[in-house]
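Chemist: Just one file: query.cif, with mmCIF, C-alpha atoms.
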```
data_coords
#
loop_
_atom_site.label_atom_id
_atom_site.label_comp_id
_atom_site.auth_asym_id
_atom_site.auth_seq_id
_atom_site.Cartn_x
_atom_site.Cartn_y
_atom_site.Cartn_z
CA MET A 1 -52.69 -35.66 106.66
CA SER A 2 -54.65 -38.78 107.57
CA ALA A 3 -57.77 -38.01 109.57
CA THR A 4 -57.22 -41.20 111.57
CA VAL A 5 -53.82 -40.08 112.89
CA PRO A 6 -54.23 -36.41 113.85
CA VAL A 7 -51.34 -34.43 115.27
CA THR A 8 -52.14 -32.00 118.07
CA VAL A 9 -49.76 -29.52 119.65
CA GLU A 10 -49.45 -27.73 122.98
CA LEU A 11 -47.23 -24.67 123.34
CA LEU A 12 -48.86 -22.99 126.36
CA GLY A 13 -46.30 -24.65 128.59
CA PRO A 14 -43.51 -27.01 127.46
CA ALA A 15 -43.70 -27.75 123.72
CA ARG A 16 -45.44 -31.09 123.29
CA ALA A 17 -47.16 -32.94 120.44
CA TRP A 18 -49.35 -36.01 120.11
CA ARG A 19 -50.03 -38.31 117.21
CA GLY A 20 -53.29 -40.17 117.61
CA GLY A 21 -53.07 -39.83 121.39
CA ALA A 22 -49.42 -40.97 121.71
CA GLU A 23 -46.86 -38.30 122.62
CA VAL A 24 -44.31 -37.48 119.95
CA ASP A 25 -40.63 -37.20 120.86
CA LEU A 26 -39.75 -33.69 119.64
CA GLY A 27 -36.07 -34.19 120.36
CA THR A 28 -33.46 -31.62 121.31
CA ALA A 29 -34.10 -28.01 122.31
CA ARG A 30 -33.28 -26.61 118.87
CA ARG A 31 -35.36 -29.25 117.13
CA ARG A 32 -38.22 -28.17 119.40
CA ALA A 33 -37.55 -24.56 118.39
CA VAL A 34 -37.96 -25.50 114.73
CA PHE A 35 -41.14 -27.40 115.54
CA ALA A 36 -42.60 -24.57 117.65
CA LEU A 37 -42.04 -22.02 114.88
CA LEU A 38 -43.69 -24.28 112.33
CA ALA A 39 -46.59 -25.00 114.73
CA LEU A 40 -47.26 -21.31 115.36
CA ARG A 41 -47.37 -20.85 111.58
CA ALA A 42 -49.31 -24.08 111.05
CA ASN A 43 -50.62 -24.70 107.53
CA GLN A 44 -48.45 -21.88 106.18
CA VAL A 45 -45.16 -22.13 104.35
CA VAL A 46 -42.20 -21.02 106.47
CA SER A 47 -39.03 -20.39 104.49
CA LYS A 48 -35.71 -21.89 105.50
CA ASP A 49 -34.35 -18.38 106.02
CA GLU A 50 -37.19 -17.60 108.46
CA LEU A 51 -36.50 -20.80 110.35
CA VAL A 52 -32.79 -20.09 110.61
CA ASP A 53 -33.44 -16.52 111.79
CA GLY A 54 -36.07 -17.65 114.27
CA VAL A 55 -33.96 -20.40 115.81
CA TRP A 56 -30.42 -18.94 115.66
CA GLY A 57 -30.96 -15.19 115.30
CA ASP A 58 -28.75 -12.73 113.44
CA ALA A 59 -25.53 -14.73 113.72
CA PRO A 60 -26.31 -18.34 112.76
CA PRO A 61 -23.46 -20.84 112.51
CA SER A 62 -22.29 -21.93 109.08
CA THR A 63 -23.89 -25.31 109.79
CA ALA A 64 -27.35 -23.86 110.45
CA GLU A 65 -28.96 -24.95 107.17
CA ALA A 66 -27.55 -28.46 107.46
CA SER A 67 -28.75 -28.66 111.06
CA LEU A 68 -32.19 -27.45 109.96
CA TYR A 69 -32.39 -30.28 107.41
CA THR A 70 -31.43 -32.76 110.13
CA TYR A 71 -34.05 -31.39 112.54
CA VAL A 72 -36.80 -31.51 109.91
CA SER A 73 -35.87 -35.07 108.96
CA GLY A 74 -35.98 -36.13 112.60
CA LEU A 75 -39.34 -34.42 113.15
CA ARG A 76 -40.77 -36.15 110.10
CA ARG A 77 -39.75 -39.55 111.44
CA ALA A 78 -41.27 -38.73 114.84
CA LEU A 79 -44.51 -37.34 113.41
CA GLU A 80 -45.02 -40.13 110.86
CA PRO A 81 -43.20 -43.18 112.21
CA THR A 82 -45.01 -45.60 109.89
CA ARG A 83 -44.33 -43.67 106.68
CA SER A 84 -42.10 -45.48 104.19
CA LYS A 85 -39.00 -43.74 102.89
CA ARG A 86 -40.46 -43.71 99.39
CA SER A 87 -43.71 -41.96 100.29
CA ALA A 88 -44.06 -38.21 100.63
CA ALA A 89 -44.53 -36.63 104.04
CA VAL A 90 -48.07 -35.38 104.75
CA VAL A 91 -47.63 -33.78 108.19
CA LEU A 92 -44.40 -31.80 107.82
CA VAL A 93 -44.18 -31.12 104.10
CA SER A 94 -41.66 -29.41 101.86
CA ALA A 95 -43.10 -26.43 100.02
CA GLY A 96 -41.05 -24.20 97.75
CA SER A 97 -38.02 -23.01 99.69
CA GLY A 98 -39.46 -23.97 103.06
CA TYR A 99 -41.68 -26.25 105.08
CA SER A 100 -45.26 -26.38 106.32
CA LEU A 101 -46.62 -28.21 109.35
CA ARG A 102 -50.14 -29.46 108.64
CA LEU A 103 -52.38 -29.39 111.70
CA PRO A 104 -56.13 -29.98 111.95
CA VAL A 105 -58.59 -27.33 113.08
CA ASP A 106 -58.15 -26.89 116.85
CA GLY A 107 -54.88 -28.80 116.63
CA LEU A 108 -52.92 -26.04 118.39
CA ASP A 109 -53.71 -24.89 121.94
CA VAL A 110 -52.60 -21.31 121.15
CA ASP A 111 -55.30 -21.08 118.46
CA ARG A 112 -57.93 -22.41 120.87
CA PHE A 113 -56.82 -19.87 123.47
CA GLU A 114 -57.20 -17.08 120.92
CA ARG A 115 -60.66 -18.28 119.91
CA HIS A 116 -61.91 -18.38 123.51
CA ARG A 117 -60.48 -14.91 124.07
CA SER A 118 -62.10 -13.54 120.92
CA LEU A 119 -65.47 -15.09 121.77
CA ALA A 120 -65.30 -13.62 125.27
CA ALA A 121 -64.79 -10.15 123.77
CA THR A 122 -67.86 -10.67 121.56
CA LEU A 123 -70.01 -11.86 124.48
CA ALA A 124 -68.88 -9.38 127.12
CA GLU A 125 -71.60 -6.78 126.58
CA VAL A 126 -74.54 -9.13 126.01
CA ASP A 127 -73.62 -12.18 128.10
CA PRO A 128 -70.96 -11.42 130.73
CA GLU A 129 -71.48 -14.86 132.34
CA GLY A 130 -70.75 -16.51 129.01
CA ALA A 131 -67.74 -14.26 128.47
CA LEU A 132 -66.40 -15.21 131.90
CA ALA A 133 -66.81 -18.90 131.06
CA GLU A 134 -64.90 -18.42 127.80
CA LEU A 135 -62.03 -16.73 129.63
CA ASP A 136 -61.96 -19.60 132.12
CA ARG A 137 -61.68 -22.02 129.20
CA ALA A 138 -58.85 -19.92 127.75
CA ARG A 139 -56.93 -19.91 131.03
CA ALA A 140 -57.47 -23.65 131.53
CA LEU A 141 -55.36 -24.35 128.44
CA TRP A 142 -52.22 -23.01 130.12
CA ARG A 143 -49.74 -25.44 131.70
CA GLY A 144 -47.06 -22.98 132.76
CA GLU A 145 -44.57 -20.76 130.95
CA PRO A 146 -45.40 -20.80 127.22
CA LEU A 147 -42.79 -22.46 125.02
CA PHE A 148 -40.90 -23.41 128.15
CA GLY A 149 -37.34 -24.47 127.39
CA VAL A 150 -37.60 -23.58 123.69
CA PRO A 151 -34.59 -21.45 122.61
CA GLY A 152 -34.22 -18.80 119.95
CA PRO A 153 -35.41 -15.24 119.27
CA PHE A 154 -38.71 -16.33 117.73
CA ALA A 155 -39.66 -18.34 120.80
CA GLU A 156 -38.62 -15.52 123.13
CA ALA A 157 -40.76 -12.99 121.23
CA GLN A 158 -43.73 -15.36 121.27
CA ARG A 159 -43.29 -15.98 125.01
CA ALA A 160 -43.48 -12.23 125.64
CA ARG A 161 -46.56 -11.89 123.42
CA LEU A 162 -48.36 -14.81 125.01
CA ARG A 163 -47.52 -13.70 128.56
CA GLU A 164 -49.06 -10.31 127.78
CA LEU A 165 -52.18 -11.93 126.38
CA TRP A 166 -52.47 -14.17 129.45
CA LEU A 167 -52.30 -11.12 131.72
CA ALA A 168 -54.88 -9.32 129.59
CA VAL A 169 -57.18 -12.32 129.95
CA ALA A 170 -56.62 -12.41 133.73
CA GLU A 171 -57.45 -8.71 133.99
CA ARG A 172 -60.54 -9.00 131.80
CA ARG A 173 -61.76 -12.03 133.74
CA ALA A 174 -61.37 -10.17 137.05
CA GLU A 175 -63.11 -7.15 135.60
CA LEU A 176 -66.09 -9.24 134.50
CA ALA A 177 -66.25 -11.06 137.84
CA ILE A 178 -66.30 -7.76 139.73
CA THR A 179 -69.02 -6.42 137.45
CA LEU A 180 -71.06 -9.56 138.18
CA GLY A 181 -70.67 -9.01 141.93
CA ARG A 182 -68.07 -11.73 142.51
CA HIS A 183 -65.45 -9.35 143.87
CA ALA A 184 -64.63 -11.55 146.86
CA ASP A 185 -63.82 -14.47 144.54
CA VAL A 186 -61.05 -12.63 142.71
CA VAL A 187 -59.18 -10.95 145.57
CA ALA A 188 -56.70 -13.78 146.10
CA ASP A 189 -55.98 -14.17 142.38
CA LEU A 190 -55.56 -10.42 141.91
CA SER A 191 -53.31 -10.17 144.96
CA ALA A 192 -51.00 -12.84 143.55
CA LEU A 193 -50.95 -11.24 140.10
CA ALA A 194 -50.33 -7.75 141.47
CA GLY A 195 -47.47 -9.11 143.56
CA ALA A 196 -45.92 -10.73 140.50
CA HIS A 197 -46.46 -7.63 138.33
CA PRO A 198 -46.16 -4.66 140.70
CA LEU A 199 -45.88 -2.08 137.90
CA ARG A 200 -49.08 -3.16 136.16
CA GLU A 201 -51.52 -0.46 137.23
CA ASP A 202 -54.71 -2.06 135.92
CA LEU A 203 -54.15 -5.10 138.15
CA ARG A 204 -53.73 -2.88 141.18
CA ALA A 205 -56.82 -0.85 140.27
CA LEU A 206 -58.88 -4.03 139.97
CA LEU A 207 -57.56 -5.31 143.30
CA ILE A 208 -58.46 -2.00 144.99
CA THR A 209 -61.96 -2.17 143.52
CA ALA A 210 -62.47 -5.81 144.56
CA LEU A 211 -61.30 -5.10 148.11
CA HIS A 212 -63.45 -1.98 148.32
CA ARG A 213 -66.60 -3.79 147.18
CA ALA A 214 -65.83 -6.59 149.64
CA GLY A 215 -65.84 -4.03 152.47
CA ARG A 216 -62.07 -4.12 152.98
CA GLN A 217 -61.42 -0.40 152.54
CA ALA A 218 -58.29 -0.24 154.69
CA GLU A 219 -56.62 -2.96 152.62
CA ALA A 220 -57.71 -1.21 149.43
CA LEU A 221 -56.04 2.00 150.56
CA GLU A 222 -52.88 0.07 151.46
CA VAL A 223 -52.75 -1.36 147.95
CA PHE A 224 -52.96 2.14 146.49
CA GLU A 225 -50.21 3.48 148.72
CA ASP A 226 -47.95 0.54 147.90
CA ALA A 227 -48.64 0.96 144.18
CA ARG A 228 -47.84 4.68 144.36
CA ARG A 229 -44.61 4.02 146.26
CA VAL A 230 -43.44 1.41 143.73
CA LEU A 231 -44.27 3.62 140.74
CA VAL A 232 -42.48 6.62 142.20
CA GLU A 233 -39.41 4.64 143.32
CA ARG A 234 -38.98 2.51 140.20
CA LEU A 235 -40.31 4.71 137.41
CA GLY A 236 -40.44 8.19 138.88
CA ILE A 237 -44.13 8.61 138.00
CA GLU A 238 -47.39 9.09 139.87
CA PRO A 239 -50.31 6.63 139.53
CA GLY A 240 -52.31 6.82 136.32
CA ALA A 241 -56.02 7.45 135.79
CA ALA A 242 -57.27 3.94 136.59
CA LEU A 243 -55.46 3.79 139.94
CA ARG A 244 -56.44 7.33 140.88
CA ASP A 245 -60.09 6.67 140.08
CA ALA A 246 -60.14 3.43 142.10
CA HIS A 247 -58.54 5.31 145.03
CA ARG A 248 -61.05 8.16 144.75
CA ARG A 249 -63.96 5.73 144.91
CA VAL A 250 -62.62 4.16 148.09
CA LEU A 251 -62.27 7.56 149.75
CA ALA A 252 -65.76 8.57 148.59
CA HIS A 253 -67.30 5.23 149.65
CA ASP A 254 -68.48 4.90 146.05
CA PRO A 255 -68.54 1.31 144.74
CA GLY A 256 -68.67 2.69 141.19
CA GLY A 257 -69.71 0.95 138.02
CA ASP A 258 -67.07 -0.11 135.49
CA PRO A 259 -64.05 -1.35 137.49
CA LEU A 260 -61.68 0.04 134.84
CA PRO A 261 -63.40 3.07 133.28
CA ASP A 262 -60.31 4.08 131.35
CA ARG A 263 -59.42 0.58 130.24
CA LEU A 264 -57.48 0.25 127.00
CA PRO A 265 -58.36 -2.53 124.52
CA ASP A 266 -56.68 -5.89 124.98
CA PRO A 267 -53.45 -6.20 122.96
CA VAL A 268 -53.80 -7.71 119.51
CA PRO A 269 -51.26 -10.36 118.52
#
```
For this file, write the structure as structure tokens.

Modeler:
Amino acid sequence: MSATVPVTVELLGPARAWRGGAEVDLGTARRRAVFALLALRANQVVSKDELVDGVWGDAPPSTAEASLYTYVSGLRRALEPTRSKRSAAVVLVSAGSGYSLRLPVDGLDVDRFERHRSLAATLAEVDPEGALAELDRARALWRGEPLFGVPGPFAEAQRARLRELWLAVAERRAELAITLGRHADVVADLSALAGAHPLREDLRALLITALHRAGRQAEALEVFEDARRVLVERLGIEPGAALRDAHRRVLAHDPGGDPLPDRLPDPVP
């Protein structure tokens, strides 16, 4: 691929691509689905069978392979509009029984998000301020629902994976902020997240801890009682260790150390 006309891709929101700063028309929803799958496997060969399965699922139409050829041809024209018909594609190339989308280093926002997240994990013990900054950079890459409007089972699975990673980053960021004494700064964010994900106990535990350290014990106790009610009503279970420990610290007037002492590792993609 020509270094003077780089292609960059964003999938942490609607699927979008740019060629040398100009946005590329990715076309219809299914054409975007093909593009998104290739982008998430950038610089690897993706077989035609994988593409058909990822876009149409277990029951593709008889025209799926022909449609795939049409989508790839359209994407090639959009990604390399100045390429002559006689010259070989260099961005979206044919390889064996499949295709490969060639992107530069840092050409995909998902990869940059993963790198910031990984660096934050490395820095957390030695430089929590630096780790917090890396998580802020990771979150800043998001523009809404990942792969918004992109159909197909592959996109749906990736949406679920990326949502989980985003929540893990939000939790880890709040945890670091609380450890650094910035509990008051994260209360509003944690309240919104806990409201959107009422069954996620770590979020509630962090919110209880932030409220407690901000001197808002009554509100912290209310969060625990609401979390317990929701867990019992919806799942038939009592609060887990993290919630119970955060509640115990409020009752004991103990600010505690690690906001999530029983925290599990962040999920690995």

Chemist: Which residues are near segment 222-236 of chain A? Cut-off 9 Å, all atoms listed in the file, ignore same chain within fewer than 4 positions. Put them as a PyMOL selection string.

Modeler: chain A and resi 198-199+201+204-205+207-208+217-218+243-244+246-247

Chemist: Taking C-alpha atoms for each residue, export the selection above as a PDB file, in the coordinates of the input.

Modeler:
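Contents of the output file part-v6.pdb:
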```pdb
ATOM      1  CA  PRO A 198     -46.160  -4.660 140.700  1.00  0.00           C
ATOM      2  CA  LEU A 199     -45.880  -2.080 137.900  1.00  0.00           C
ATOM      3  CA  GLU A 201     -51.520  -0.460 137.230  1.00  0.00           C
ATOM      4  CA  ARG A 204     -53.730  -2.880 141.180  1.00  0.00           C
ATOM      5  CA  ALA A 205     -56.820  -0.850 140.270  1.00  0.00           C
ATOM      6  CA  LEU A 207     -57.560  -5.310 143.300  1.00  0.00           C
ATOM      7  CA  ILE A 208     -58.460  -2.000 144.990  1.00  0.00           C
ATOM      8  CA  GLN A 217     -61.420  -0.400 152.540  1.00  0.00           C
ATOM      9  CA  ALA A 218     -58.290  -0.240 154.690  1.00  0.00           C
ATOM     10  CA  LEU A 243     -55.460   3.790 139.940  1.00  0.00           C
ATOM     11  CA  ARG A 244     -56.440   7.330 140.880  1.00  0.00           C
ATOM     12  CA  ALA A 246     -60.140   3.430 142.100  1.00  0.00           C
ATOM     13  CA  HIS A 247     -58.540   5.310 145.030  1.00  0.00           C
TER      14      HIS A 247
END
```

Chemist: Figure out the distance between atom CA of Val55 of chain A and atom CA of Gly152 of chain A, please, to one decimal in Å.

Modeler: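 We find that atom CA of Gly152 of chain A and atom CA of Val55 of chain A lie 4.4 Å from each other.
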
Chemist: Do you have the atom CA of Pro14 of chain A-atom CA of Pro146 of chain A distance handy?

Modeler: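 If I compute the distance from atom CA of Pro14 of chain A to atom CA of Pro146 of chain A, I get 6.5 Å.
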
Chemist: To one decimal place in Å, what is the distance between atom CA of Leu101 of chain A and atom CA of Glu114 of chain A?

Modeler: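 Distance reported for this atom pair: 19.2 Å.
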
Chemist: Restricting the calculation to only C-alpha atoms, which member of A:Leu165, A:Val5, A:Leu51, A:Ala170 is positioned closest to Ser97 of chain A?

Modeler: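 With only C-alpha atoms as the atom set, the closest residue is A:Leu51.
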